[in-house]
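Participant: Structure in structure tokens, see below.
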Amino acid sequence: MTTDLSLSLATIEVQNLQRLIDEFLDVIADGKVTDDPGLSRIAPAAYADDPAAAAEFRAATRDGLFDRRTADALDVRSDLGAPLEGGSAPSTRAAMRQRTIRIPPEHVDAWLRTLAAVRLVVAARLGIDTADTHEPGDERFHVYDWLGYRLDQLVMLADEHDAG
């Protein structure tokens with residue numbers, strides 16, 4: 001019997017991740033009918049030098065890719081549990097309370113793909129193309145950095161679990 005991975009997050013982190021995943025699901029759903037610069041980061045043109053071939057490839061693969069992204073994000077959202085939001089913002093003490101998120105081994109890849117995809121969409125929205133365009137002191141980049149931190153933590157947890 002394979003055990004779940006345990007990811008410890010503060011309540012406020014769970015709430016923020018739930019919100020980000022919900023917004024990501026909306027972006028994917030909207031992306032099936034409109035072009036979005038954030039989505040072009042997770043579904044880039046396959047043929048940069050041939051717009052016709054790129055459009056044909058996109059038409060043949062984009063819906064399947066977005067269906068996979070949706071399924072992955074729904075797995076993550078399910079693992080996060082029901083929304084934690086109440087009628088008001090939690091107290092500082094409640095917001096910092098640690099929660100253990102159980103991730104079934106069969107969902108780990110979905111988590112990795114989803115966190116990476118959300119981070120790419122955030123990067124596109126912030127104009128981050130290279131490390132040089134990322135300004136760590138700018139508060140707008142905190143979500144981007146936090147997603148990278150949690151993605152790195154999840155990779156380490158998965159490696160420890162596999163070695164276990």
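Chain lettering (A, B, ...) mirrors the order of the structure tokens, residue numbering begins at 1 for each chain separately, and ligand numbering begins at 1 in order of display.
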Got a sec: who's within 6 Å of stretch 66-81 of chain A, counting only C-alpha atoms, leaving out chain neighbours fewer than 4 positions off, as a list in words?
Facilitator: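 After dropping sequence-adjacent residues, the list is Ala110, Trp111 and Thr114 of chain A.
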Participant: Next, write the just-selected residues to a file, as a PDB file, in the first residue's frame, keeping C-alpha atoms as the atom set.
Facilitator:
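Once written, result_29.pdb looks like this:
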```
ATOM      1  CA  ALA A 110      -1.006  16.580 -11.570  1.00  0.00           C
ATOM      2  CA  TRP A 111       0.112  18.817  -8.702  1.00  0.00           C
ATOM      3  CA  THR A 114      -0.674  22.432 -12.254  1.00  0.00           C
TER       4      THR A 114
END
```
Participant: Just to confirm, what's the straight-line distance from atom CA of A:Asp30 to atom CA of A:Ala45 in Å (one decimal)?
Facilitator: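 We find that atom CA of A:Asp30 and atom CA of A:Ala45 lie 18.2 Å from each other.
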Participant: Show which residues sit within 8 Å of A:Gly148, as a PyMOL selection string. Count only C-alpha atoms, and ignore same-chain residues fewer than 4 positions away.
Facilitator: chain A and resi 116+119+144+152
Participant: Of the candidates A:Asp129, A:Ala158, A:Ile28, A:Asp63, which one gets nearest to A:His107 if we count only C-alpha atoms?
Facilitator: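 Of A:Asp129, A:Ala158, A:Ile28, A:Asp63, the one nearest A:His107, counting only C-alpha atoms, is A:Ala158.
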Participant: From the options A:Val118, A:Leu157, A:Ala94, A:Ala163, which residue's atoms come nearest to A:Ser6, counting only C-alpha atoms?
Facilitator: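 Between A:Val118, A:Leu157, A:Ala94, A:Ala163, the residue approaching A:Ser6 most closely is A:Leu157.
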Participant: Give me the residues of stretch 35-101 of chain A that have any atom at most 8 Å from an atom of stretch 120-126 of chain A; for each, the nearest atom pair and the distance in Å, rounded to one decimal. Use only C-alpha atoms, sort by chain and number, and format it as a tab-separated table.
Facilitator:
```
residue	atom	partner	partner_atom	distance
A:Pro37	CA	A:Ala124	CA	6.6
A:Gly38	CA	A:Val121	CA	4.3
A:Leu39	CA	A:Val121	CA	6.3
A:Arg41	CA	A:Leu120	CA	6.1
A:Ile42	CA	A:Leu120	CA	6.7
```
Participant: Could you tell me how far atom CA of A:Asp159 sits from atom CA of A:Gln98, in Å to one decimal place?
Facilitator: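 Interatomic distance, atom CA of A:Gln98 to atom CA of A:Asp159: 22.4 Å.
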Participant: Could you pull out the helix (DSSP H, G or I) residues of stretch 4-89 of chain A, going by DSSP on the backbone, and write them as a count of residues only?
Facilitator: 57
